[in-house]
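Let me begin by presenting the structure, written as structure tokens, before commenting on it.
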Amino acid sequence: MKTDIPFLDLKAAHAELRDELRSAFERVLDSGRYILGGEVERFEEEFAEYCAARYCVGVGNGLDALHLILRAYGIGAGDEVIVPSNTYIATWLAVSHAGATPVAVEPDERTYNLDPRRVEAAITERTKAVIAVHLYGQPADMDAIRAIAARHRVKVIEDAAQAHGARYKGRRTGSLADAAGFSFYPGKNLGALGDGGAVTTSDADLAERVRMLRNYGSRVTYHHEAAGFNSRLDELQAAFLRVKLSRLEDWSERRRHLAAAYLDELDGTGLGLPFVPQWASPVWHLFVVRTGARESLRSRLAARGIGTLVHYPVPPHLQPAYAHLNMGPGTLPVSEALHREVMSLPLAAHVDMAALRRVTLAVKEGLAGIAADAGRPHPS
């Protein structure tokens, strides 16, 4: 089946930057320095400044960013880390790879982000950190989460993998907690042409320890202080990211414009639409709607050549990877309901308004068809 409006078209973004990306490639090629060279150093400086953090440490990917933060804080076996029940599994895996236990907390049903009211009830004497995910590009309620964490003397870590440039009460993600982990997977708002990640923090000791751990536990070549890892942001990817970082604010503004159009066009359709608190300025990594007729609607949109995705079909606690936690169906009902009903519509900086209006028309007609098949009236 032909897809006229794909869910994501990375070629469109790269076509806009083709000459700059080629120049970046040639700059790295001609440098003769391909691991932890000048491009990584400059990107770390530029991204730290962008996030209003003192330090940035480039690493191999977003999972490693979170994992290395936990390791650098000495969090491991016997410790607990609070994680959202409604997130991509990488958030949980970072905790598991550090040797600690993920403790799931349900989301706020309006924002789908970690619910601060539930966080405090989940804290025990073994809790060492809370990971707050800025899901779909919208920041979590960080002041409320940090206040709870401060009372219990636990660290707060941002999982900002989907939220490059999002703002919370005017402050950018990456500077809202003790540390933050970013992913530069190609589909992210700031995406490389391969894998990549970064840690941002204003904690000098943490930044230095992450730098050491990412490079085999070494600060001085062939001298190893810890059993570290090989998780270094690639020099070529750093060069590409520097090009894209210069466009990120413009691209984020395009996404906001499209999201506003979606919210306006789909108001009154009966879909569950994103809720944005007054203090949040999302970057709309994803535009996620909610419906009990998800698969039928996705099928109808596919028949019209419109691509959609589900983020995510199975919550972490129901994945085989976490069967040992014995958290069967019904354990986390809010998250489970979301994972049954959410779907993501096409939204990217290079989607034009004409395509968006085709999507919204198809959604409205699809919902009307579903209602007619069920023999009930549909909102006009």
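All residue names refer to the structure tokens as shown: chains lettered A, B, ... in order, residues numbered from 1 in each chain, ligands numbered from 1 in order.
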Exercise for review: Skip Glu45 of chain A itself and residues of its chain fewer than 4 positions away, then list as a ChimeraX atom specification all residues within 10 Å of it, counting only C-alpha atoms.
Suggested key: /A:39-41,49-50,53-57
Kindly save the residues from that selection, with N, CA, C and O atoms included, as an mmCIF file, in the first residue's frame.
```cif
data_model
loop_
_atom_site.group_PDB
_atom_site.id
_atom_site.type_symbol
_atom_site.label_atom_id
_atom_site.label_comp_id
_atom_site.auth_asym_id
_atom_site.auth_seq_id
_atom_site.Cartn_x
_atom_site.Cartn_y
_atom_site.Cartn_z
ATOM 1 N N GLU A 39 35.459 18.154 16.952
ATOM 2 C CA GLU A 39 34.019 18.265 16.687
ATOM 3 C C GLU A 39 33.210 17.895 17.929
ATOM 4 O O GLU A 39 32.225 18.561 18.257
ATOM 5 N N VAL A 40 33.606 16.827 18.621
ATOM 6 C CA VAL A 40 32.913 16.442 19.849
ATOM 7 C C VAL A 40 33.075 17.534 20.901
ATOM 8 O O VAL A 40 32.107 17.930 21.560
ATOM 9 N N GLU A 41 34.282 18.038 21.047
ATOM 10 C CA GLU A 41 34.517 19.086 22.042
ATOM 11 C C GLU A 41 33.653 20.313 21.771
ATOM 12 O O GLU A 41 33.048 20.883 22.689
ATOM 13 N N GLU A 49 25.741 25.037 26.263
ATOM 14 C CA GLU A 49 25.266 26.421 26.262
ATOM 15 C C GLU A 49 23.803 26.493 25.858
ATOM 16 O O GLU A 49 23.021 27.242 26.459
ATOM 17 N N TYR A 50 23.417 25.706 24.859
ATOM 18 C CA TYR A 50 22.033 25.690 24.407
ATOM 19 C C TYR A 50 21.093 25.276 25.540
ATOM 20 O O TYR A 50 20.011 25.859 25.711
ATOM 21 N N ALA A 53 23.287 24.476 30.649
ATOM 22 C CA ALA A 53 23.997 23.623 31.602
ATOM 23 C C ALA A 53 25.483 23.960 31.532
ATOM 24 O O ALA A 53 25.974 24.458 30.523
ATOM 25 N N ARG A 54 26.213 23.669 32.581
ATOM 26 C CA ARG A 54 27.650 23.980 32.578
ATOM 27 C C ARG A 54 28.440 22.975 31.746
ATOM 28 O O ARG A 54 29.464 23.336 31.148
ATOM 29 N N TYR A 55 27.959 21.727 31.685
ATOM 30 C CA TYR A 55 28.747 20.692 31.031
ATOM 31 C C TYR A 55 27.862 19.828 30.132
ATOM 32 O O TYR A 55 26.685 19.601 30.418
ATOM 33 N N CYS A 56 28.471 19.326 29.073
ATOM 34 C CA CYS A 56 27.860 18.307 28.224
ATOM 35 C C CYS A 56 28.930 17.271 27.934
ATOM 36 O O CYS A 56 30.082 17.619 27.650
ATOM 37 N N VAL A 57 28.554 16.007 28.020
ATOM 38 C CA VAL A 57 29.466 14.906 27.722
ATOM 39 C C VAL A 57 28.806 14.035 26.658
ATOM 40 O O VAL A 57 27.756 13.435 26.904
#
```
Using 8 Å as the limit and counting only C-alpha atoms, can you tabulate each residue of segment 51-103 of chain A that touches segment 212-216 of chain A, with its shortest atom-to-atom distance in Å and the two atoms involved, as a tab-separated table?
```
residue	atom	partner	partner_atom	distance
A:Val59	CA	A:Arg214	CA	6.6
A:Leu68	CA	A:Leu213	CA	7.1
A:Ala72	CA	A:Leu213	CA	7.6
```
Once you have the residues from the selection above, write them out as a PDB file, in the first residue's frame, restricted to all heavy atoms.
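Contents of again-v8.pdb, as written:
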```pdb
ATOM      1  N   VAL A  59      28.079  10.870  24.439  1.00  0.00           N
ATOM      2  CA  VAL A  59      28.194   9.419  24.628  1.00  0.00           C
ATOM      3  C   VAL A  59      27.577   8.699  23.431  1.00  0.00           C
ATOM      4  O   VAL A  59      27.105   9.318  22.487  1.00  0.00           O
ATOM      5  CB  VAL A  59      27.526   8.971  25.947  1.00  0.00           C
ATOM      6  CG1 VAL A  59      28.224   9.622  27.138  1.00  0.00           C
ATOM      7  CG2 VAL A  59      26.039   9.309  25.958  1.00  0.00           C
ATOM      8  N   LEU A  68      25.072   5.803  32.305  1.00  0.00           N
ATOM      9  CA  LEU A  68      26.323   6.350  32.823  1.00  0.00           C
ATOM     10  C   LEU A  68      26.080   7.367  33.930  1.00  0.00           C
ATOM     11  O   LEU A  68      26.900   7.496  34.857  1.00  0.00           O
ATOM     12  CB  LEU A  68      27.143   6.961  31.692  1.00  0.00           C
ATOM     13  CG  LEU A  68      27.714   5.949  30.692  1.00  0.00           C
ATOM     14  CD1 LEU A  68      28.437   6.663  29.561  1.00  0.00           C
ATOM     15  CD2 LEU A  68      28.633   4.939  31.367  1.00  0.00           C
ATOM     16  N   ALA A  72      27.736   6.864  37.452  1.00  0.00           N
ATOM     17  CA  ALA A  72      28.576   7.934  37.979  1.00  0.00           C
ATOM     18  C   ALA A  72      28.138   8.357  39.379  1.00  0.00           C
ATOM     19  O   ALA A  72      28.964   8.793  40.188  1.00  0.00           O
ATOM     20  CB  ALA A  72      28.567   9.122  37.035  1.00  0.00           C
TER      21      ALA A  72
END
```
Check your understanding: Which residues come within 12 Å of Arg167 of chain A, counting only C-alpha atoms, excluding same-chain residues fewer than 2 positions away, as a PyMOL selection string?
Key -> chain A and resi 50-52+134+137-142+160+163-165+169-176+249+252+276-284
Within 9 Å of Ala293 of chain A, counting only C-alpha atoms, which residues show up once you throw out same-chain ones fewer than 6 positions away? Write them as a short mmCIF file (atom, residue, chain, number, x, y, z; two decimals) with N, CA and C atoms, in the first residue's frame, please.
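Output contents, as saved in around_22.cif:
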```cif
data_model
loop_
_atom_site.label_atom_id
_atom_site.label_comp_id
_atom_site.auth_asym_id
_atom_site.auth_seq_id
_atom_site.Cartn_x
_atom_site.Cartn_y
_atom_site.Cartn_z
N GLU A 341 -4.45 2.58 23.62
CA GLU A 341 -5.28 3.57 22.93
C GLU A 341 -4.53 4.70 22.23
N LEU A 367 -13.12 8.70 11.71
CA LEU A 367 -13.91 8.62 12.95
C LEU A 367 -15.40 8.57 12.65
N ILE A 370 -16.17 5.06 11.53
CA ILE A 370 -16.18 4.13 12.67
C ILE A 370 -17.49 4.27 13.45
#
```
Check your understanding: If you run DSSP on this backbone, which residues of segment 108-265 of chain A come out as strand (DSSP E), and could you give them as a PyMOL selection string?
Key -> chain A and resi 127-133+155-159+167-168+171-172+179-183+197-201+218-220+223-224
Exercise for review: Would you mind reading off the distance between atom CA of Phe43 of chain A and atom CA of Ala238 of chain A, one decimal, in Å?
Suggested key: 6.0 Å
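Using only C-alpha atoms for every distance, the candidate list A:Leu301, A:Ala77, A:Leu338, A:Val310 yields A:Leu338 as the residue closest to Asn113 of chain A.
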Check your understanding: Among segment 254-365 of chain A, which residues carry a DSSP assignment of helix (DSSP H, G or I), reported as a PyMOL selection string?
Key -> chain A and resi 254-265+294-303+316-318+320-325+333-341+353-365
Exercise for review: May I ask which of the residues A:Leu241, A:Leu8, A:Met343, A:Ile89 is the closest one to Pro320 of chain A, counting only C-alpha atoms?
Suggested key: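 Checking each of A:Leu241, A:Leu8, A:Met343, A:Ile89 against Pro320 of chain A, counting only C-alpha atoms, the winner is A:Ile89.
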Residues within 12 Å of segment 227-232 of chain A, only C-alpha atoms, excluding chain neighbours under 3 positions, as a tab-separated table (two decimals) with N, CA, C and O atoms, in the first residue's frame:
```tsv
chain	number	residue	atom	x	y	z
A	34	TYR	N	39.27	11.09	14.47
A	34	TYR	CA	37.96	10.51	14.31
A	34	TYR	C	37.29	10.06	15.62
A	34	TYR	O	36.13	9.66	15.60
A	35	ILE	N	38.01	10.10	16.72
A	35	ILE	CA	37.46	9.73	18.03
A	35	ILE	C	37.80	10.84	19.03
A	35	ILE	O	38.97	11.18	19.21
A	36	LEU	N	36.78	11.39	19.68
A	36	LEU	CA	36.96	12.40	20.73
A	36	LEU	C	37.91	13.52	20.29
A	36	LEU	O	38.87	13.86	20.98
A	37	GLY	N	37.57	14.10	19.15
A	37	GLY	CA	38.35	15.20	18.63
A	37	GLY	C	37.65	16.53	18.80
A	37	GLY	O	36.77	16.71	19.65
A	40	VAL	N	33.61	16.83	18.62
A	40	VAL	CA	32.91	16.44	19.85
A	40	VAL	C	33.07	17.53	20.90
A	40	VAL	O	32.11	17.93	21.56
A	41	GLU	N	34.28	18.04	21.05
A	41	GLU	CA	34.52	19.09	22.04
A	41	GLU	C	33.65	20.31	21.77
A	41	GLU	O	33.05	20.88	22.69
A	44	GLU	N	29.94	19.60	22.40
A	44	GLU	CA	29.67	19.58	23.84
A	44	GLU	C	29.54	20.99	24.39
A	44	GLU	O	28.64	21.28	25.19
A	57	VAL	N	28.55	16.01	28.02
A	57	VAL	CA	29.47	14.91	27.72
A	57	VAL	C	28.81	14.04	26.66
A	57	VAL	O	27.76	13.43	26.90
A	58	GLY	N	29.42	13.97	25.48
A	58	GLY	CA	28.86	13.16	24.41
A	58	GLY	C	29.13	11.69	24.63
A	58	GLY	O	30.25	11.28	24.96
A	59	VAL	N	28.08	10.87	24.44
A	59	VAL	CA	28.19	9.42	24.63
A	59	VAL	C	27.58	8.70	23.43
A	59	VAL	O	27.11	9.32	22.49
A	60	GLY	N	27.57	7.37	23.50
A	60	GLY	CA	27.20	6.58	22.34
A	60	GLY	C	25.75	6.63	21.95
A	60	GLY	O	25.40	6.51	20.77
A	61	ASN	N	24.85	6.79	22.93
A	61	ASN	CA	23.42	6.78	22.64
A	61	ASN	C	22.66	7.23	23.88
A	61	ASN	O	23.26	7.46	24.94
A	62	GLY	N	21.35	7.36	23.76
A	62	GLY	CA	20.54	7.85	24.87
A	62	GLY	C	20.47	6.89	26.04
A	62	GLY	O	20.44	7.32	27.20
A	63	LEU	N	20.41	5.60	25.77
A	63	LEU	CA	20.40	4.61	26.85
A	63	LEU	C	21.68	4.71	27.67
A	63	LEU	O	21.66	4.73	28.91
A	64	ASP	N	22.82	4.80	26.99
A	64	ASP	CA	24.09	4.94	27.69
A	64	ASP	C	24.14	6.22	28.51
A	64	ASP	O	24.73	6.24	29.60
A	65	ALA	N	23.54	7.29	28.00
A	65	ALA	CA	23.55	8.55	28.75
A	65	ALA	C	22.92	8.36	30.12
A	65	ALA	O	23.50	8.76	31.15
A	66	LEU	N	21.75	7.74	30.18
A	66	LEU	CA	21.08	7.50	31.46
A	66	LEU	C	21.86	6.51	32.31
A	66	LEU	O	22.03	6.70	33.52
A	67	HIS	N	22.32	5.44	31.69
A	67	HIS	CA	23.07	4.41	32.41
A	67	HIS	C	24.32	4.99	33.06
A	67	HIS	O	24.62	4.73	34.23
A	68	LEU	N	25.07	5.80	32.30
A	68	LEU	CA	26.32	6.35	32.82
A	68	LEU	C	26.08	7.37	33.93
A	68	LEU	O	26.90	7.50	34.86
A	71	ARG	N	25.57	5.17	36.96
A	71	ARG	CA	26.86	4.61	37.37
A	71	ARG	C	27.73	5.67	38.04
A	71	ARG	O	28.40	5.41	39.05
A	72	ALA	N	27.74	6.86	37.45
A	72	ALA	CA	28.58	7.93	37.98
A	72	ALA	C	28.14	8.36	39.38
A	72	ALA	O	28.96	8.79	40.19
A	97	HIS	N	20.69	-1.97	33.81
A	97	HIS	CA	22.10	-2.13	33.46
A	97	HIS	C	23.02	-1.61	34.56
A	97	HIS	O	24.15	-2.07	34.69
A	98	ALA	N	22.53	-0.66	35.34
A	98	ALA	CA	23.32	-0.18	36.48
A	98	ALA	C	23.28	-1.15	37.66
A	98	ALA	O	24.03	-1.00	38.62
A	195	ASP	N	23.59	6.62	15.59
A	195	ASP	CA	23.32	6.74	17.03
A	195	ASP	C	24.19	7.81	17.66
A	195	ASP	O	25.28	8.14	17.16
A	196	GLY	N	23.73	8.30	18.79
A	196	GLY	CA	24.49	9.28	19.55
A	196	GLY	C	23.69	9.68	20.78
A	196	GLY	O	22.47	9.50	20.83
A	197	GLY	N	24.37	10.21	21.78
A	197	GLY	CA	23.70	10.67	22.98
A	197	GLY	C	24.57	11.64	23.74
A	197	GLY	O	25.72	11.89	23.36
A	198	ALA	N	24.03	12.21	24.81
A	198	ALA	CA	24.80	13.15	25.62
A	198	ALA	C	24.22	13.23	27.02
A	198	ALA	O	23.03	12.99	27.24
A	199	VAL	N	25.09	13.57	27.96
A	199	VAL	CA	24.72	13.90	29.32
A	199	VAL	C	24.95	15.39	29.52
A	199	VAL	O	26.01	15.90	29.14
A	209	ARG	N	33.26	12.31	35.96
A	209	ARG	CA	33.17	10.84	36.11
A	209	ARG	C	32.51	10.21	34.89
A	209	ARG	O	32.93	9.14	34.44
A	210	VAL	N	31.51	10.84	34.29
A	210	VAL	CA	30.90	10.31	33.07
A	210	VAL	C	31.93	10.30	31.94
A	210	VAL	O	32.01	9.34	31.16
A	211	ARG	N	32.75	11.36	31.84
A	211	ARG	CA	33.80	11.39	30.81
A	211	ARG	C	34.75	10.21	30.98
A	211	ARG	O	35.20	9.60	29.99
A	212	MET	N	35.08	9.90	32.21
A	212	MET	CA	35.97	8.79	32.48
A	212	MET	C	35.31	7.45	32.16
A	212	MET	O	35.88	6.59	31.48
A	213	LEU	N	34.06	7.28	32.59
A	213	LEU	CA	33.37	6.01	32.39
A	213	LEU	C	33.10	5.73	30.91
A	213	LEU	O	33.12	4.57	30.48
A	214	ARG	N	32.82	6.79	30.12
A	214	ARG	CA	32.51	6.57	28.69
A	214	ARG	C	33.72	6.07	27.92
A	214	ARG	O	33.61	5.52	26.83
A	215	ASN	N	34.93	6.27	28.47
A	215	ASN	CA	36.18	6.00	27.76
A	215	ASN	C	36.99	4.93	28.49
A	215	ASN	O	38.12	5.16	28.90
A	216	TYR	N	36.35	3.77	28.69
A	216	TYR	CA	37.01	2.62	29.31
A	216	TYR	C	37.44	2.87	30.76
A	216	TYR	O	38.33	2.19	31.28
A	217	GLY	N	36.81	3.85	31.42
A	217	GLY	CA	37.19	4.15	32.79
A	217	GLY	C	38.53	4.85	32.88
A	217	GLY	O	39.20	4.78	33.91
A	218	SER	N	38.89	5.58	31.83
A	218	SER	CA	40.22	6.17	31.74
A	218	SER	C	40.18	7.69	31.60
A	218	SER	O	39.41	8.22	30.79
A	219	ARG	N	41.00	8.37	32.39
A	219	ARG	CA	41.25	9.80	32.19
A	219	ARG	C	42.58	10.01	31.48
A	219	ARG	O	42.76	10.98	30.76
A	223	HIS	N	45.58	4.10	31.46
A	223	HIS	CA	45.41	4.03	32.91
A	223	HIS	C	43.91	4.04	33.21
A	223	HIS	O	43.21	4.98	32.82
A	224	HIS	N	43.43	3.01	33.90
A	224	HIS	CA	41.98	2.80	34.05
A	224	HIS	C	41.59	2.78	35.52
A	224	HIS	O	41.98	1.88	36.27
A	235	GLU	N	32.88	11.33	16.30
A	235	GLU	CA	33.32	12.63	15.80
A	235	GLU	C	32.49	13.10	14.60
A	235	GLU	O	32.11	14.28	14.50
A	236	LEU	N	32.19	12.18	13.70
A	236	LEU	CA	31.40	12.55	12.52
A	236	LEU	C	29.98	12.92	12.91
A	236	LEU	O	29.42	13.91	12.42
A	237	GLN	N	29.38	12.16	13.82
A	237	GLN	CA	28.02	12.49	14.26
A	237	GLN	C	27.99	13.84	14.97
A	237	GLN	O	27.03	14.60	14.84
A	238	ALA	N	29.02	14.14	15.73
A	238	ALA	CA	29.09	15.43	16.41
A	238	ALA	C	29.11	16.57	15.38
A	238	ALA	O	28.46	17.61	15.58
```
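We find atom CA of Ala321 of chain A and atom CA of His339 of chain A to be spaced 17.1 Å apart.
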Practice item. Would you mind listing what lies within 12 Å of Thr3 of chain A as a list in words, with only C-alpha atoms counted and same-chain residues fewer than 6 positions away left out? Key: Asp9, Leu301, Ala302, Ala303, Arg304, Gly305, Ile306, Gly307, Thr308 and Pro346 of chain A
